[in-house]
file protein21.txt (compact mmCIF, C-alpha atoms)
# COMPACT_ATOMS: atom_id res chain seq x y z
CA MET A 1 44.66 73.68 43.42
CA SER A 2 41.54 71.80 44.51
CA ALA A 3 41.26 70.07 41.11
CA ARG A 4 44.80 68.72 41.49
CA LEU A 5 44.05 67.57 45.02
CA ALA A 6 40.87 65.82 43.85
CA LEU A 7 42.79 64.13 41.03
CA LEU A 8 45.52 62.99 43.42
CA VAL A 9 43.02 61.63 45.97
CA GLY A 10 41.09 59.88 43.19
CA ALA A 11 44.23 58.26 41.83
CA ALA A 12 45.22 57.10 45.31
CA LEU A 13 41.79 55.57 45.94
CA LEU A 14 41.74 53.81 42.57
CA SER A 15 45.23 52.38 42.97
CA GLY A 16 44.36 51.06 46.44
CA GLY A 17 42.10 48.46 44.84
CA CYS A 18 44.73 47.12 42.46
CA GLU A 19 46.34 43.83 43.32
CA VAL A 20 50.10 44.09 43.32
CA ALA A 21 51.75 40.97 41.97
CA SER A 22 54.40 39.47 44.22
CA ASP A 23 56.82 36.58 43.90
CA ILE A 24 55.31 34.70 46.85
CA GLY A 25 54.70 31.13 45.71
CA LYS A 26 56.82 31.41 42.54
CA PRO A 27 59.11 28.38 41.99
CA CYS A 28 62.76 29.00 42.89
CA VAL A 29 66.08 27.20 43.37
CA LEU A 30 67.41 26.70 46.91
CA VAL A 31 70.90 28.07 47.53
CA ARG A 32 73.38 28.21 50.38
CA LYS A 33 76.16 30.61 51.24
CA ALA A 34 79.54 29.42 50.00
CA THR A 35 82.01 28.27 52.63
CA ALA A 36 85.18 30.30 53.18
CA ALA A 37 87.19 27.60 51.39
CA GLU A 38 84.84 27.67 48.39
CA GLN A 39 85.04 31.47 48.21
CA GLN A 40 88.82 31.37 48.44
CA ALA A 41 89.08 28.71 45.73
CA GLU A 42 86.77 30.66 43.39
CA PRO A 43 86.89 34.35 44.43
CA ASP A 44 85.28 35.61 41.21
CA ARG A 45 82.23 33.35 41.56
CA GLU A 46 79.01 34.51 43.23
CA PRO A 47 78.87 33.89 47.01
CA PHE A 48 76.02 31.36 46.77
CA ARG A 49 75.97 27.71 45.70
CA ASP A 50 73.06 25.55 44.57
CA ILE A 51 71.61 22.99 46.94
CA TYR A 52 70.95 19.55 45.47
CA GLU A 53 68.17 17.07 46.22
CA SER A 54 70.65 14.64 47.81
CA GLN A 55 71.55 17.30 50.41
CA LEU A 56 68.00 17.60 51.80
CA GLN A 57 65.91 15.32 53.94
CA ALA A 58 62.23 14.81 53.15
CA GLY A 59 59.68 16.06 55.67
CA GLN A 60 61.67 19.08 56.90
CA ASP A 61 61.22 22.82 56.45
CA PHE A 62 64.13 24.58 54.73
CA ILE A 63 64.83 28.30 54.29
CA SER A 64 67.26 29.54 51.65
CA PHE A 65 68.48 33.15 51.80
CA GLY A 66 69.98 34.56 48.59
CA SER A 67 67.72 33.12 45.90
CA VAL A 68 67.89 35.57 42.99
CA GLU A 69 64.56 34.41 41.54
CA CYS A 70 62.72 35.92 44.52
CA GLU A 71 62.17 39.64 45.14
CA ASP A 72 62.98 39.20 48.85
CA LEU A 73 65.78 36.67 48.12
CA VAL A 74 64.03 34.04 50.30
CA CYS A 75 63.20 30.60 48.91
CA VAL A 76 61.36 28.13 51.16
CA ARG A 77 60.75 24.42 50.96
CA ASP A 78 58.21 23.25 53.50
CA ALA A 79 58.04 19.76 55.00
CA ALA A 80 55.19 18.73 52.67
CA PHE A 81 56.85 20.00 49.47
CA ASP A 82 56.89 17.43 46.68
CA PRO A 83 59.97 17.93 44.47
CA LYS A 84 58.35 15.96 41.60
CA LEU A 85 61.55 14.26 40.51
CA GLU A 86 61.60 12.31 37.27
CA ALA A 87 62.90 8.71 37.29
CA THR A 88 65.91 9.91 35.30
CA ASP A 89 66.83 12.70 37.74
CA ASN A 90 70.02 12.18 39.73
CA PRO A 91 69.49 13.61 43.28
CA ALA A 92 73.22 14.46 43.50
CA THR A 93 73.01 16.77 40.47
CA THR A 94 69.36 17.90 40.50
CA GLN A 95 68.90 21.39 41.92
CA ALA A 96 66.58 21.46 44.93
CA LYS A 97 63.57 23.65 44.39
CA GLY A 98 61.10 25.47 46.60
CA TYR A 99 58.97 28.58 46.29
CA CYS A 100 59.55 32.28 46.92
CA SER A 101 58.67 33.57 50.36
CA LYS A 102 59.32 36.51 52.64
CA ALA A 103 59.48 37.26 56.34
CA CYS A 104 56.03 38.15 57.63
CA VAL A 105 53.97 39.15 60.64
CA PRO A 106 51.02 36.83 61.33
CA PRO A 107 47.81 38.59 60.29
CA ASP A 108 45.35 39.88 62.83
CA ASN A 109 41.83 41.23 62.48
CA THR A 110 43.07 44.77 61.75
CA GLN A 111 44.93 43.88 58.53
CA LEU A 112 43.08 44.30 55.25
CA GLN A 113 45.32 41.98 53.23
CA ASP A 114 46.87 38.61 53.96
CA PRO A 115 50.66 39.17 54.11
CA CYS A 116 51.15 35.84 52.35
CA ALA A 117 48.56 36.10 49.59
CA VAL A 118 49.73 34.14 46.56
CA ASN A 119 48.99 35.73 43.21
CA HIS A 120 51.98 34.70 41.12
CA PRO A 121 50.84 32.89 37.95
CA GLN A 122 53.54 30.19 38.24
CA ALA A 123 52.59 29.24 41.83
CA GLU A 124 51.28 25.70 42.20
CA ALA A 125 47.67 25.22 43.34
CA GLN A 126 48.67 23.49 46.61
CA VAL A 127 50.98 26.38 47.52
CA LYS A 128 48.23 28.92 46.76
CA GLU A 129 45.68 27.03 48.85
CA THR A 130 47.83 26.42 51.93
CA MET A 131 50.06 29.52 52.28
CA SER A 132 50.17 31.16 55.70
CA CYS A 133 52.49 33.20 57.90
CA ARG A 134 54.09 30.76 60.34
CA PRO A 135 57.34 30.05 62.17
CA LEU A 136 59.83 27.93 60.24
CA LEU A 137 62.69 25.99 61.86
CA LEU A 138 62.74 27.93 65.17
CA ASP A 139 60.26 29.71 67.39
CA GLN A 140 60.83 33.31 68.51
CA LYS A 141 62.45 32.32 71.84
CA ALA A 142 64.96 29.96 70.19
CA LEU A 143 65.81 32.57 67.59
CA ASP A 144 66.32 35.25 70.27
CA ASP A 145 68.46 32.86 72.36
CA LEU A 146 70.70 32.03 69.39
CA ARG A 147 71.09 35.72 68.52
CA ALA A 148 72.07 36.52 72.14
CA ASN A 149 74.33 33.50 72.79
CA ASP A 150 76.04 33.06 69.42
CA PRO A 151 75.71 36.26 67.36
CA ALA A 152 78.28 35.17 64.74
CA THR A 153 76.44 31.94 63.93
CA TYR A 154 73.12 33.76 64.02
CA ARG A 155 74.28 36.41 61.55
CA ALA A 156 75.92 33.84 59.27
CA THR A 157 72.71 31.79 59.21
CA PHE A 158 69.88 34.33 59.40
CA GLY A 159 71.53 37.65 58.45
CA ASP A 160 69.51 40.61 59.71
CA ASN A 161 66.25 38.68 59.93
CA ALA A 162 64.73 38.92 63.42
CA SER A 163 61.52 36.94 62.92
CA PRO A 164 60.95 33.19 62.70
CA ASN A 165 57.81 33.81 60.63
CA PHE A 166 57.82 33.29 56.88
CA CYS A 167 55.17 32.76 54.25
CA ALA A 168 55.00 28.97 53.89
CA SER A 169 52.49 26.25 53.24
CA LYS A 170 50.61 25.21 56.34
CA PRO A 171 51.87 21.94 57.79
CA ALA A 172 49.65 18.95 57.10
CA ALA A 173 47.21 18.26 59.92
CA SER A 174 48.32 15.33 62.05
CA ASN A 175 45.84 12.56 62.68
call {"tool": "encode", "arguments": {"input": "protein21.txt", "output": "structure tokens"}}
result
Amino acid sequence: MSARLALLVGAALLSGGCEVASDIGKPCVLVRKATAAEQQAEPDREPFRDIYESQLQAGQDFISFGSVECEDLVCVRDAAFDPKLEATDNPATTQAKGYCSKACVPPDNTQLQDPCAVNHPQAEAQVKETMSCRPLLLDQKALDDLRANDPATYRATFGDNASPNFCASKPAASN
């Protein structure tokens, strides 16, 4: 029995040092939930629709829930994201892209690993270098107020998510 226990403890200790690959930072396509009219018109189609470059404004954070490329179904486009459009790309038909993210808790001194560590091989260097756990779109008070005052809108927009914090590139420092 003690040999099995030693083997199990050894395996647990060895696996603790392995880095687990995650999708954080992996490129993804931004999507939105289909409207009721869109769902009614195409009931057999998936409930999400692509977002196109023409539908976004530069310099704003954007969170997309439902991105199938991401393990946590969250695709983020931060205010500093550069879509790298080609001259021939039509913004009305070019899918808007971001990078995979997840809800997170800002790290403190007791955590051994950064909750937003980027180790995906397809992640861009700038995303890897600037990723942090930070509020996107709303702070905690605004999120709580929306959930309390308009639960239907809250649920339609944020689902079950209760935190404003997501893994996202740090905003550029203002001069």
call {"tool": "residues_around", "arguments": {"input": "protein21.txt", "residues": "Cys75 of chain A", "least_positions_apart": "3", "cutoff": "12 Å", "atoms": "only C-alpha atoms", "output": "JSON, numbers by chain"}}
result
{"A": [23, 24, 25, 26, 27, 28, 29, 30, 31, 32, 50, 51, 61, 62, 63, 64, 65, 66, 67, 68, 69, 70, 71, 72, 78, 96, 97, 98, 99, 100, 101, 102, 103, 166, 167, 168]}
call {"tool": "atom_distance", "arguments": {"input": "protein21.txt", "atom1": "atom CA of Asp89 of chain A", "atom2": "atom CA of Ala58 of chain A"}}
result
16.2 Å
call {"tool": "atom_distance", "arguments": {"input": "protein21.txt", "atom1": "atom CA of Glu124 of chain A", "atom2": "atom CA of Ser22 of chain A"}}
result
14.3 Å
call {"tool": "atom_distance", "arguments": {"input": "protein21.txt", "atom1": "atom CA of Val76 of chain A", "atom2": "atom CA of Glu46 of chain A"}}
result
20.4 Å
call {"tool": "closest_residue", "arguments": {"input": "protein21.txt", "among": "A:Leu85, A:Ala80, A:Leu56, A:Ala162", "to": "Asp139 of chain A", "atoms": "all atoms listed in the file"}}
result
A:Ala162
call {"tool": "residues_near_point", "arguments": {"input": "protein21.txt", "point": "(72.2, 35.4, 60.1)", "cutoff": "12 Å", "atoms": "all atoms listed in the file", "output": "VMD selection string"}}
result
chain A and resid 33 63 to 66 143 to 144 146 to 147 150 to 164
call {"tool": "closest_residue", "arguments": {"input": "protein21.txt", "among": "A:Gln113, A:Gln55, A:Thr94, A:Thr130", "to": "Phe81 of chain A", "atoms": "all atoms listed in the file"}}
result
A:Thr130
call {"tool": "residues_around", "arguments": {"input": "protein21.txt", "residues": "Pro115 of chain A", "least_positions_apart": "2", "cutoff": "9 Å", "atoms": "only C-alpha atoms", "output": "list in words"}}
result
Cys104, Val105, Pro106, Pro107, Gln111, Gln113, Ala117, Ser132, Cys133 and Cys167 of chain A
call {"tool": "closest_residue", "arguments": {"input": "protein21.txt", "among": "A:Thr35, A:Gln60, A:His120, A:Thr93", "to": "Phe48 of chain A", "atoms": "only C-alpha atoms"}}
result
A:Thr35
